[in-house]
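One structure is given here, and the rest of the page talks about it.
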4 protein chains.
Amino acid sequence: MAYSTEQLGAIRRDFHRYPEPSWCEFLTTSRLVDHLEDLDVDELAVGRQALDLEARMAVPDEATLTEWADRAREAGARADVLEATADGATGVVAVLERGDGPTVGLRVDIDALYVDEADGEDHTPAARGFRSANEGVMHACGHDAHMAVGLGTIAAVQDSDFDGTLIVFFQPAEEVAGGGKAMAETAYCGAVDYLLAVHLGLDHPTGEVVAGIVKPLAMAHLAGEITGTDAHAGKAPNRGDNAIQALGTLIQNAYAIPRHESGSTRVNVGLVEAGTSSNIVADRARFEAEVRGETTALMTSMKDRLDRTVAEAAAMHGCSASLEVVSESPRADSDGPLVGRVEALAEGLPAVESTVRWADFGASEDATFLMNTVAEGGGLASYVVVGTDHPGAHHTATFDVDEASLGIAVDLLAGTVEAIGQDPPKRNDAG
Amino acid sequence: MAYSTEQLGAIRRDFHRYPEPSWCEFLTTSRLVDHLEDLDVDELAVGRQALDLEARMAVPDEATLTEWADRAREAGARADVLEATADGATGVVAVLERGDGPTVGLRVDIDALYVDEADGEDHTPAARGFRSANEGVMHACGHDAHMAVGLGTIAAVQDSDFDGTLIVFFQPAEEVAGGGKAMAETAYCGAVDYLLAVHLGLDHPTGEVVAGIVKPLAMAHLAGEITGTDAHAGKAPNRGDNAIQALGTLIQNAYAIPRHESGSTRVNVGLVEAGTSSNIVADRARFEAEVRGETTALMTSMKDRLDRTVAEAAAMHGCSASLEVVSESPRADSDGPLVGRVEALAEGLPAVESTVRWADFGASEDATFLMNTVAEGGGLASYVVVGTDHPGAHHTATFDVDEASLGIAVDLLAGTVEAIGQDPPKRNDAG
Amino acid sequence: MAYSTEQLGAIRRDFHRYPEPSWCEFLTTSRLVDHLEDLDVDELAVGRQALDLEARMAVPDEATLTEWADRAREAGARADVLEATADGATGVVAVLERGDGPTVGLRVDIDALYVDEADGEDHTPAARGFRSANEGVMHACGHDAHMAVGLGTIAAVQDSDFDGTLIVFFQPAEEVAGGGKAMAETAYCGAVDYLLAVHLGLDHPTGEVVAGIVKPLAMAHLAGEITGTDAHAGKAPNRGDNAIQALGTLIQNAYAIPRHESGSTRVNVGLVEAGTSSNIVADRARFEAEVRGETTALMTSMKDRLDRTVAEAAAMHGCSASLEVVSESPRADSDGPLVGRVEALAEGLPAVESTVRWADFGASEDATFLMNTVAEGGGLASYVVVGTDHPGAHHTATFDVDEASLGIAVDLLAGTVEAIGQDPPKRNDAG
Amino acid sequence: MAYSTEQLGAIRRDFHRYPEPSWCEFLTTSRLVDHLEDLDVDELAVGRQALDLEARMAVPDEATLTEWADRAREAGARADVLEATADGATGVVAVLERGDGPTVGLRVDIDALYVDEADGEDHTPAARGFRSANEGVMHACGHDAHMAVGLGTIAAVQDSDFDGTLIVFFQPAEEVAGGGKAMAETAYCGAVDYLLAVHLGLDHPTGEVVAGIVKPLAMAHLAGEITGTDAHAGKAPNRGDNAIQALGTLIQNAYAIPRHESGSTRVNVGLVEAGTSSNIVADRARFEAEVRGETTALMTSMKDRLDRTVAEAAAMHGCSASLEVVSESPRADSDGPLVGRVEALAEGLPAVESTVRWADFGASEDATFLMNTVAEGGGLASYVVVGTDHPGAHHTATFDVDEASLGIAVDLLAGTVEAIGQDPPKRNDAG
């Protein structure tokens, strides 16, 4: 039986309170399994059953995994789920069999971010008592709401006349672009004819729907190290090969990689750590960076330039350097015929005041791996945005969602699923 | 009874194995007290009795202090010493009353560094089993040997005809220039007529002695923070005020502060930490830096330039910044008449092959606080270097001392103490 | 009588041989006037008659103007034209009265660049003897060909059944974005109902036509100065306030101004000059820079950031700085109904193998001033690209055009002019 | 007959009014020859006779030489001197034969600097009408006064009882360290037993004398180029290899080359020129830099680091680079026995209020080449400073000398020459 807006909000708040970082969504997976069992879905693939383990990227170190698994256990995570998700094999896939019609996939993501959640009275989760219980980690991108929408859509489809199969991918590790490929390379994704991915917000207000996102940025997360020679900074600074000077040169020149004629690019050095004390010339620096591009080629070009920048910055200061890819995601665009179907549905919903057919996506998404798998199988995909009023920007401490948008999302997605079952779009339909 | 070279080496190895960082020398102080009680000195001032607590600088945070106090307790530190040194009041002063002659001070330092000790077979402490038991912390500047020399000198003076009072300052927190002022502002230091400070090595080989060091660099340790605005690095990098870009600009320009006509200067950014993840524009950076100068004025001039550099680097990227002094040490030079006495003694020692009257000191030292206190009281001071063959440089992972130098140091210092008692140098003696 | 392809090529080569920089097109204007008199146009506005003098931007200094005027005089420029164009009032507007139909404008630009033309045998202008006679200046952007096309179009329209008025703007100083505004603010431009601007090449091959350019980058050229304090670099580097260090900091941080969520941006520091000799700390630096943006707001945002970067880079090194706008151009897009007309014409031309309806323009253009004037008057404009094979990139030493494209351009433009006369497009036509 | 203070001042003002840059001292040499002929010296070696032409460094290009030779001709330079100094072979050596005693050399330098002289009323040369007639060039280091002192010393020695030979080296191109080696490698210098070099000022006031300078900085002037690839900064910035970005990286990192444990170092980038216009990515940059060190080894170490910095800065931005040595000067210290003689003389002069035996020299000097030649021949040398009140710093627009110091210098030097003749110092005399 379909969830009320209040129920959707309550589910979302529960998830919001216990955010877990990428590949550490142990408690989250356990709670999803609880919900999905309550919903009595036809098939559940938990943890390693839902993933191609080899295709995972950006899995954190064992200590981090263990710490979060321990936390989850203490917080009441199920033993069977903890076993199925051990060693960072989180996430779950749920299957609803409703007839011989097409197979429709829905992808929602489930991980949180290392952001310190705001605790002022004007931040609703703090004021209402569902602020993050895990200090330093926060659902600052709305994945808590996405999970509620995923569950709500299953419930709503159960109530509908949908003829076909619905597969919902509760994907881990989106924030690090680590989980999309692992779910894309499963038989579940291979079976999908129509894929819907959904995201709330992205600067669209409650009541607005974007039927199809295009131009997500291709992206690579990178981790680098610079190794030099330490020295006493007072007695013999000249004997050092200064990793912090190399880092400074690297930062300055990384952001200065030229803009590109072929389209948007991005570069960021988002984390640096170097040196040990003020009186020692640092012999070691590590950093995390990312590059993006409007196309995969642009992203690669930025990666090549960053590679050179890192190498020469190190060489300038007598240091050596390495730069490794932690994870990557390609570009994939929404398909017109499916976008048209979403648009039609949105226009028919009373709560939707504004429908945008196409919109550019300034950020990156590893849903593109699933979209590309579906495309390779001859299917169609669309990445849908359901607007939500959010006071702070995504990925910041004051992010929040307008829970009224959860019901809109469920109505839109369940309605689209049903409509696809009734009249499956074809690749050559007008987009 | 004077210690043999073997005994001095054994004492030094014990200290080497349990290095503790500045203001955390709890176990070290406990063991010093054990030794000093064995030596039956006439007066012992432990911890807060040996310090002007208000004059301490660069005391670490409570968590660090507690962690090392706990470690010390587990490793067998005495309860009475732990109480006397609680909250980072480490160190000890020992007094030997030997007659009505002058009061001679000896200052040795006791703290270790955050350096990860080498563990190859060619690193003697590793090969001989006395490598640091505290991972990430190391006696990489020879303070372990200094303590052995301090104890050995007491024992040797007890065997000598010294007429006067010997006060030995086992000073904490030299590496952070935090403890010198706190011991300088005690009545113990105020009572000293002749102060000897000693350091091993400093690139002088075993068998060489420097009778008096001049030109230690005045120094300030600084801690800074940069605060900006976070943003999604893919979606809206322009909304960020990038603390890591500010940091890069700061690093580049800090090292580029011009050389000075009036003498040597130094600048180092030795530690940086910023940002949280590769896809977020960093809103916070912190760093530790230091400046030095051949005179206190030069050091201050560098500090002023660094202040401006930090402020403008932050402003350039829309950030704000702060820069605080953690600790400082002034310049103080050895006094000629006392240097002459040390030189004469050194030249008479068979194990000393080479005596250097004066040498410049490229680094900084908070022994200068004690030297200045003695000078203000009309006394004389000399900072003495006893050479030691050291395979790696000071403050690096492969630093080690030649234990043969410990006996030389004890002979030189005890001899000098005795000679001072017999014929106290006067300020106007030829230097 | 319409020109043959050979004639168009010959005219272009004559212009190619005598390139003149922006606002110095004295000989160029004189030759244009000769041609236009030969063509017997109905009205000629030469130099100051063709311009709003106050609206000129980026006029070079008097010495430069005088030098080029002198050169032009020596090369045979007409005295009357030299007088009409004195003090950098170059350019000419030609009017052809052909009936009561609409007024169609055609804008071509006439200035050259400070580029040293290639002189290898594989560079056709060198091999065929029409390489630049003015060393260091070159028609490296095809404006020589644009002039030939402008003249050719007049001749072709004279042969056609065009009913209306044709006004051709031979605009000076496009490369410095200095002349567009000055021609846009004349009554000639105010009278135009339909404006066509034309550019050859831009990476489109011979046989391709782009009917309407959109997204030219808004742009500002800037000139800056940094003033510090000189000092002897050996004796007292600390006494200097180093303008070259400020410049280095500025360069590094200017290119590192973040990418923007709202669209493409550009920044370039294209010229720097600072200091006097290796042993003096430089007290003065000057530089020329530019910023661009996909919208005027983005360009302004970049300008603001550059302003801050310049100010803080100077302040960091104790210098002061100024940054002045030399010239600017806004964004303006082609209008659909007129683009449709160009597209239809192009598709009907045998020599056109490929027609692109819309294309983005990566660069900037001060034709946008004329386009905006026409738009404000209720008219329509389109910026048309006629492809040409060009061996080297625009603005580089080996740039050249395929002269076969000149005839295509003339056919396209004259055909469009005639078509507009027959059936004037309306603002609400399908674009 | 010895010159009065007024005469010395008048001579100096004449030279001050016509400053000529290094290797362009054509008029200066001509006027020196006039003076020396008036003084009736015994031998005159003009221009190429006074130089080892192959050993010249930093000779400017032919156009510059020609321009200054033409100016000199117009200003009345003698045809015979212009011929003897053609192609930048300036300078003159004068010999006074006065008996069989030792050969004493005196070296003064004659070139000026590219500094724009102040023209305010508070700048004496402007107020009194002898400000530089050559705009942009200035005697901003007192070489005008040095020449007057050189001539005055000859006149004074002629009046004295000096027994021996006096050779005065009027050396060109000191400011670029280009002329010292060329005069050092002549037979004139090879014949010298005692060399005195003299400099006014250097922050010592009128009435003070420094008998012997030590620690001049070894120095190298360097000229570099960076070559990249140009590109349209709006259309395709990514296609460029940006020489200005490479230059910015170079500047930032050059100044940041670490301080050295072994002594003072210097680095300066004193001139940069790059790019052509704001909208073109620059493909070329050139710069002039210098490095210095307290020892020749330190200077070489700085040169090596700058080499690496240039290479890596270029490589980081896809450019290539070169760095050439334009000129160099070694370190050479004053010899004690000769210093002692100067000191004794100075102490006997009523106008000398303060005599400093030794002083460090913060700058560089190619007199060190002559000093080293004399040392290699077994002779002794001293570099003497005669204090002069100077309102502005050396090498700045407001530099001036107190002409009272000219007479002091002549008395000191002539007296020392005479004293050397009477009792030649020996290498082993107490210094």
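If you're wondering about the labels, chains in the structure tokens are A, B, ... by order shown, residues count from 1 in each chain, ligands from 1 in order shown.
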
Residue neighbourhood Gly150 of chain C, 8 Å, only C-alpha atoms, exclusion window fewer than 6 positions, as number ranges by chain: C: 106-108, 168, 170, 410

Dump N, CA, C and O atoms for the selected residues as a compact mmCIF listing (two decimals), in the first residue's frame?
# COMPACT_ATOMS: atom_id res chain seq x y z
N LEU C 106 25.76 44.89 -44.25
CA LEU C 106 26.77 43.83 -44.28
C LEU C 106 27.99 44.38 -43.56
O LEU C 106 28.46 45.47 -43.86
N ARG C 107 28.47 43.64 -42.60
CA ARG C 107 29.64 44.11 -41.84
C ARG C 107 30.83 43.19 -42.10
O ARG C 107 30.73 41.98 -41.93
N VAL C 108 31.91 43.82 -42.58
CA VAL C 108 33.20 43.11 -42.70
C VAL C 108 34.25 43.91 -41.93
O VAL C 108 34.11 45.12 -41.77
N VAL C 168 27.30 48.66 -46.54
CA VAL C 168 28.41 47.79 -46.15
C VAL C 168 29.33 48.55 -45.20
O VAL C 168 29.82 49.63 -45.52
N PHE C 170 32.75 48.63 -43.55
CA PHE C 170 34.14 48.14 -43.51
C PHE C 170 34.71 48.63 -42.17
O PHE C 170 35.23 49.74 -42.06
N VAL C 410 30.55 35.41 -51.52
CA VAL C 410 29.86 36.45 -52.29
C VAL C 410 28.52 35.94 -52.78
O VAL C 410 27.48 36.63 -52.66

List the spatial neighbours of Ala184 of chain C as a PDB file with N, CA and C atoms, in the first residue's frame - criterion: any atom at most 8 Å away, only C-alpha atoms, same-chain residues fewer than 4 positions off excluded.
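Final output, result.pdb:
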ATOM      1  N   GLY C 180      33.772  48.258 -33.353  1.00  0.00           N
ATOM      2  CA  GLY C 180      32.369  47.869 -33.497  1.00  0.00           C
ATOM      3  C   GLY C 180      31.417  48.878 -32.893  1.00  0.00           C
ATOM      4  N   CYS C 189      24.134  52.515 -39.001  1.00  0.00           N
ATOM      5  CA  CYS C 189      23.750  51.253 -38.357  1.00  0.00           C
ATOM      6  C   CYS C 189      22.315  51.345 -37.845  1.00  0.00           C
ATOM      7  N   GLY C 190      21.945  52.513 -37.339  1.00  0.00           N
ATOM      8  CA  GLY C 190      20.587  52.694 -36.825  1.00  0.00           C
ATOM      9  C   GLY C 190      19.530  52.465 -37.889  1.00  0.00           C
ATOM     10  N   PHE C 369      28.098  44.608 -31.174  1.00  0.00           N
ATOM     11  CA  PHE C 369      27.574  45.964 -30.964  1.00  0.00           C
ATOM     12  C   PHE C 369      26.596  46.335 -32.076  1.00  0.00           C
ATOM     13  N   LEU C 370      26.984  46.038 -33.329  1.00  0.00           N
ATOM     14  CA  LEU C 370      26.087  46.354 -34.454  1.00  0.00           C
ATOM     15  C   LEU C 370      24.816  45.507 -34.379  1.00  0.00           C
ATOM     16  N   THR C 373      22.518  46.955 -31.836  1.00  0.00           N
ATOM     17  CA  THR C 373      21.879  48.181 -32.326  1.00  0.00           C
ATOM     18  C   THR C 373      20.698  47.841 -33.237  1.00  0.00           C
TER      19      THR C 373
END

Mind running chain B against chain D at 7 Å and telling me each contacting residue's nearest atom pair with the distance in Å (one decimal), counting only C-alpha atoms, chain and number ascending, as a tab-separated table?
residue	atom	partner	partner_atom	distance
B:Gln252	CA	D:Gln252	CA	6.2
B:Asn253	CA	D:Gln252	CA	6.9
B:Tyr255	CA	D:Ala256	CA	4.5
B:Ala256	CA	D:Ala256	CA	4.1
B:Arg259	CA	D:Arg266	CA	6.7
B:Glu261	CA	D:Gly362	CA	6.8
B:Ser264	CA	D:Ser264	CA	6.8
B:Arg266	CA	D:Arg259	CA	6.7
B:Gly362	CA	D:Glu261	CA	6.6

Those in segment 188-231 of chain A with strand (DSSP E) from DSSP, as an MDAnalysis selection string: chainID A and resid 194:200 208:214 218:227 231

Atoms to include: N, CA, C and O atoms. Write the selected residues as an mmCIF file, in the first residue's frame.
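For reference, again.cif as written:
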data_model
loop_
_atom_site.group_PDB
_atom_site.id
_atom_site.type_symbol
_atom_site.label_atom_id
_atom_site.label_comp_id
_atom_site.auth_asym_id
_atom_site.auth_seq_id
_atom_site.Cartn_x
_atom_site.Cartn_y
_atom_site.Cartn_z
ATOM 1 N N TYR A 194 14.231 -0.269 -19.635
ATOM 2 C CA TYR A 194 14.059 1.169 -19.436
ATOM 3 C C TYR A 194 14.608 1.512 -18.066
ATOM 4 O O TYR A 194 14.164 0.924 -17.068
ATOM 5 N N LEU A 195 15.533 2.443 -18.052
ATOM 6 C CA LEU A 195 16.120 2.813 -16.763
ATOM 7 C C LEU A 195 15.761 4.244 -16.395
ATOM 8 O O LEU A 195 15.953 5.167 -17.192
ATOM 9 N N LEU A 196 15.274 4.410 -15.186
ATOM 10 C CA LEU A 196 15.059 5.746 -14.632
ATOM 11 C C LEU A 196 16.031 5.943 -13.467
ATOM 12 O O LEU A 196 16.127 5.101 -12.575
ATOM 13 N N ALA A 197 16.773 7.026 -13.538
ATOM 14 C CA ALA A 197 17.577 7.410 -12.369
ATOM 15 C C ALA A 197 16.968 8.703 -11.861
ATOM 16 O O ALA A 197 16.434 9.489 -12.652
ATOM 17 N N VAL A 198 17.031 8.914 -10.573
ATOM 18 C CA VAL A 198 16.341 10.089 -10.028
ATOM 19 C C VAL A 198 17.237 10.836 -9.056
ATOM 20 O O VAL A 198 18.025 10.241 -8.328
ATOM 21 N N HIS A 199 17.121 12.145 -9.094
ATOM 22 C CA HIS A 199 17.826 12.980 -8.115
ATOM 23 C C HIS A 199 16.916 14.123 -7.718
ATOM 24 O O HIS A 199 16.232 14.688 -8.551
ATOM 25 N N LEU A 200 16.907 14.440 -6.443
ATOM 26 C CA LEU A 200 16.123 15.580 -5.964
ATOM 27 C C LEU A 200 16.977 16.847 -6.021
ATOM 28 O O LEU A 200 18.198 16.799 -5.866
ATOM 29 N N GLU A 208 8.951 21.617 -9.624
ATOM 30 C CA GLU A 208 9.563 21.576 -10.956
ATOM 31 C C GLU A 208 10.117 20.171 -11.210
ATOM 32 O O GLU A 208 10.606 19.517 -10.285
ATOM 33 N N VAL A 209 9.983 19.732 -12.450
ATOM 34 C CA VAL A 209 10.543 18.433 -12.841
ATOM 35 C C VAL A 209 11.398 18.632 -14.086
ATOM 36 O O VAL A 209 11.023 19.372 -14.996
ATOM 37 N N VAL A 210 12.560 18.002 -14.092
ATOM 38 C CA VAL A 210 13.350 17.937 -15.321
ATOM 39 C C VAL A 210 13.221 16.522 -15.856
ATOM 40 O O VAL A 210 13.627 15.561 -15.188
ATOM 41 N N ALA A 211 12.682 16.412 -17.052
ATOM 42 C CA ALA A 211 12.362 15.080 -17.568
ATOM 43 C C ALA A 211 13.609 14.312 -17.986
ATOM 44 O O ALA A 211 13.645 13.082 -17.926
ATOM 45 N N GLY A 212 14.634 15.025 -18.423
ATOM 46 C CA GLY A 212 15.838 14.306 -18.857
ATOM 47 C C GLY A 212 17.068 15.172 -18.721
ATOM 48 O O GLY A 212 17.128 16.288 -19.225
ATOM 49 N N ILE A 213 18.025 14.643 -18.018
ATOM 50 C CA ILE A 213 19.286 15.353 -17.822
ATOM 51 C C ILE A 213 20.246 14.957 -18.940
ATOM 52 O O ILE A 213 20.331 13.785 -19.320
ATOM 53 N N VAL A 214 20.942 15.982 -19.452
ATOM 54 C CA VAL A 214 22.023 15.677 -20.394
ATOM 55 C C VAL A 214 23.305 16.325 -19.880
ATOM 56 O O VAL A 214 23.288 17.128 -18.966
ATOM 57 N N ALA A 218 31.811 13.924 -17.315
ATOM 58 C CA ALA A 218 32.656 12.760 -17.062
ATOM 59 C C ALA A 218 33.647 13.159 -15.981
ATOM 60 O O ALA A 218 34.039 14.321 -15.876
ATOM 61 N N MET A 219 34.061 12.218 -15.159
ATOM 62 C CA MET A 219 34.809 12.577 -13.956
ATOM 63 C C MET A 219 35.832 11.531 -13.574
ATOM 64 O O MET A 219 35.619 10.335 -13.828
ATOM 65 N N ALA A 220 36.901 11.947 -13.008
ATOM 66 C CA ALA A 220 37.859 11.017 -12.388
ATOM 67 C C ALA A 220 38.300 11.580 -11.043
ATOM 68 O O ALA A 220 38.660 12.749 -10.948
ATOM 69 N N HIS A 221 38.204 10.745 -10.038
ATOM 70 C CA HIS A 221 38.792 11.060 -8.734
ATOM 71 C C HIS A 221 40.216 10.535 -8.735
ATOM 72 O O HIS A 221 40.467 9.413 -9.189
ATOM 73 N N LEU A 222 41.118 11.335 -8.196
ATOM 74 C CA LEU A 222 42.531 10.965 -8.237
ATOM 75 C C LEU A 222 43.137 11.113 -6.851
ATOM 76 O O LEU A 222 42.724 11.978 -6.071
ATOM 77 N N ALA A 223 44.127 10.282 -6.586
ATOM 78 C CA ALA A 223 44.860 10.403 -5.321
ATOM 79 C C ALA A 223 46.337 10.480 -5.647
ATOM 80 O O ALA A 223 46.847 9.691 -6.457
ATOM 81 N N GLY A 224 47.003 11.441 -5.063
ATOM 82 C CA GLY A 224 48.407 11.647 -5.399
ATOM 83 C C GLY A 224 49.301 11.693 -4.184
ATOM 84 O O GLY A 224 48.846 11.964 -3.063
ATOM 85 N N GLU A 225 50.558 11.423 -4.416
ATOM 86 C CA GLU A 225 51.578 11.535 -3.379
ATOM 87 C C GLU A 225 52.820 12.207 -3.933
ATOM 88 O O GLU A 225 53.200 11.978 -5.095
ATOM 89 N N ILE A 226 53.439 12.997 -3.106
ATOM 90 C CA ILE A 226 54.706 13.628 -3.458
ATOM 91 C C ILE A 226 55.720 13.201 -2.407
ATOM 92 O O ILE A 226 55.438 13.260 -1.213
ATOM 93 N N THR A 227 56.863 12.762 -2.871
ATOM 94 C CA THR A 227 57.899 12.301 -1.947
ATOM 95 C C THR A 227 59.178 13.080 -2.181
ATOM 96 O O THR A 227 59.683 13.133 -3.307
ATOM 97 N N ALA A 231 64.521 17.715 5.961
ATOM 98 C CA ALA A 231 65.717 18.436 6.382
ATOM 99 C C ALA A 231 65.319 19.352 7.521
ATOM 100 O O ALA A 231 64.136 19.656 7.712
#

Point-to-point distance from atom CA of Gly336 of chain B to atom CA of Arg427 of chain B, Å rounded to tenths: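 Computing it gives 8.2 Å between the two atoms.
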
Interatomic distance, atom CA of Gly318 of chain D to atom CA of Arg239 of chain D (Å, one decimal): 10.4 Å

Spatial neighbours of Val417 of chain D, 9 Å, only C-alpha atoms, chain gap at least 3 places, as a PDB file with N, CA, C and O atoms, in the first residue's frame:
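And here is the file that came out, out-v5.pdb:
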ATOM      1  N   VAL D 104     101.947  49.614  -8.076  1.00  0.00           N
ATOM      2  CA  VAL D 104     100.671  49.689  -7.372  1.00  0.00           C
ATOM      3  C   VAL D 104      99.570  49.941  -8.399  1.00  0.00           C
ATOM      4  O   VAL D 104      99.715  50.800  -9.272  1.00  0.00           O
ATOM      5  N   GLY D 105      98.507  49.157  -8.281  1.00  0.00           N
ATOM      6  CA  GLY D 105      97.364  49.358  -9.182  1.00  0.00           C
ATOM      7  C   GLY D 105      96.227  50.039  -8.439  1.00  0.00           C
ATOM      8  O   GLY D 105      96.044  49.853  -7.238  1.00  0.00           O
ATOM      9  N   VAL D 157      99.560  61.770  -6.566  1.00  0.00           N
ATOM     10  CA  VAL D 157     100.777  60.935  -6.545  1.00  0.00           C
ATOM     11  C   VAL D 157     101.911  61.651  -7.287  1.00  0.00           C
ATOM     12  O   VAL D 157     103.078  61.565  -6.897  1.00  0.00           O
ATOM     13  N   PHE D 162     106.277  59.305  -4.051  1.00  0.00           N
ATOM     14  CA  PHE D 162     106.087  57.887  -4.373  1.00  0.00           C
ATOM     15  C   PHE D 162     107.228  57.372  -5.251  1.00  0.00           C
ATOM     16  O   PHE D 162     107.529  57.932  -6.291  1.00  0.00           O
ATOM     17  N   GLY D 164     107.963  54.214  -7.407  1.00  0.00           N
ATOM     18  CA  GLY D 164     107.387  52.993  -7.971  1.00  0.00           C
ATOM     19  C   GLY D 164     106.554  53.344  -9.184  1.00  0.00           C
ATOM     20  O   GLY D 164     106.695  54.445  -9.758  1.00  0.00           O
ATOM     21  N   LEU D 166     102.641  53.497 -10.776  1.00  0.00           N
ATOM     22  CA  LEU D 166     101.192  53.497 -10.487  1.00  0.00           C
ATOM     23  C   LEU D 166     100.440  53.210 -11.785  1.00  0.00           C
ATOM     24  O   LEU D 166     100.680  53.870 -12.800  1.00  0.00           O
ATOM     25  N   TYR D 194     100.532  45.461  -5.830  1.00  0.00           N
ATOM     26  CA  TYR D 194      99.535  45.853  -4.811  1.00  0.00           C
ATOM     27  C   TYR D 194      98.358  46.496  -5.524  1.00  0.00           C
ATOM     28  O   TYR D 194      98.551  47.469  -6.262  1.00  0.00           O
ATOM     29  N   LEU D 196      94.685  48.353  -5.241  1.00  0.00           N
ATOM     30  CA  LEU D 196      93.630  49.009  -4.471  1.00  0.00           C
ATOM     31  C   LEU D 196      92.418  49.202  -5.370  1.00  0.00           C
ATOM     32  O   LEU D 196      92.550  49.728  -6.481  1.00  0.00           O
ATOM     33  N   LEU D 412      93.470  59.489   0.925  1.00  0.00           N
ATOM     34  CA  LEU D 412      93.675  58.128   1.424  1.00  0.00           C
ATOM     35  C   LEU D 412      94.442  57.277   0.424  1.00  0.00           C
ATOM     36  O   LEU D 412      95.410  56.582   0.767  1.00  0.00           O
ATOM     37  N   LEU D 413      94.028  57.344  -0.823  1.00  0.00           N
ATOM     38  CA  LEU D 413      94.629  56.473  -1.838  1.00  0.00           C
ATOM     39  C   LEU D 413      96.048  56.924  -2.173  1.00  0.00           C
ATOM     40  O   LEU D 413      96.979  56.107  -2.235  1.00  0.00           O
ATOM     41  N   ALA D 414      96.215  58.216  -2.397  1.00  0.00           N
ATOM     42  CA  ALA D 414      97.554  58.705  -2.731  1.00  0.00           C
ATOM     43  C   ALA D 414      98.494  58.445  -1.564  1.00  0.00           C
ATOM     44  O   ALA D 414      99.654  58.029  -1.745  1.00  0.00           O
ATOM     45  N   ILE D 420     103.080  52.543   0.477  1.00  0.00           N
ATOM     46  CA  ILE D 420     103.479  51.242  -0.074  1.00  0.00           C
ATOM     47  C   ILE D 420     104.864  51.347  -0.703  1.00  0.00           C
ATOM     48  O   ILE D 420     105.716  50.468  -0.559  1.00  0.00           O
ATOM     49  N   GLY D 421     105.073  52.452  -1.411  1.00  0.00           N
ATOM     50  CA  GLY D 421     106.374  52.645  -2.048  1.00  0.00           C
ATOM     51  C   GLY D 421     107.497  52.707  -1.012  1.00  0.00           C
ATOM     52  O   GLY D 421     108.590  52.166  -1.233  1.00  0.00           O
ATOM     53  N   GLN D 422     107.180  53.320   0.112  1.00  0.00           N
ATOM     54  CA  GLN D 422     108.222  53.470   1.137  1.00  0.00           C
ATOM     55  C   GLN D 422     108.506  52.159   1.859  1.00  0.00           C
ATOM     56  O   GLN D 422     109.624  51.854   2.205  1.00  0.00           O
TER      57      GLN D 422
END

Shell around Val92 of chain A at 10 Å using only C-alpha atoms, local window under 3 positions removed, as a VMD selection string: chain A and resid 28 to 30 32 to 33 36 44 to 51 81 84 to 85 89 110 168 to 172 183

Two-atom distance - atom CA of Asp42 of chain A, atom CA of Gly91 of chain A (Å):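 Taking atom CA of Asp42 of chain A as the start and atom CA of Gly91 of chain A as the end point, the length is 17.0 Å.
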
Residues near Phe287 of chain D, cut-off 12 Å, only C-alpha atoms, skip fewer than 3 positions along chain, as number ranges by chain: C: 244, 272-278; D: 221-227, 243-244, 246-248, 250-251, 268-274, 284, 290, 310, 321-324, 326

Those of segment 271-305 of chain A in DSSP helix (DSSP H, G or I), formatted as a PyMOL selection string: chain A and resi 296-305
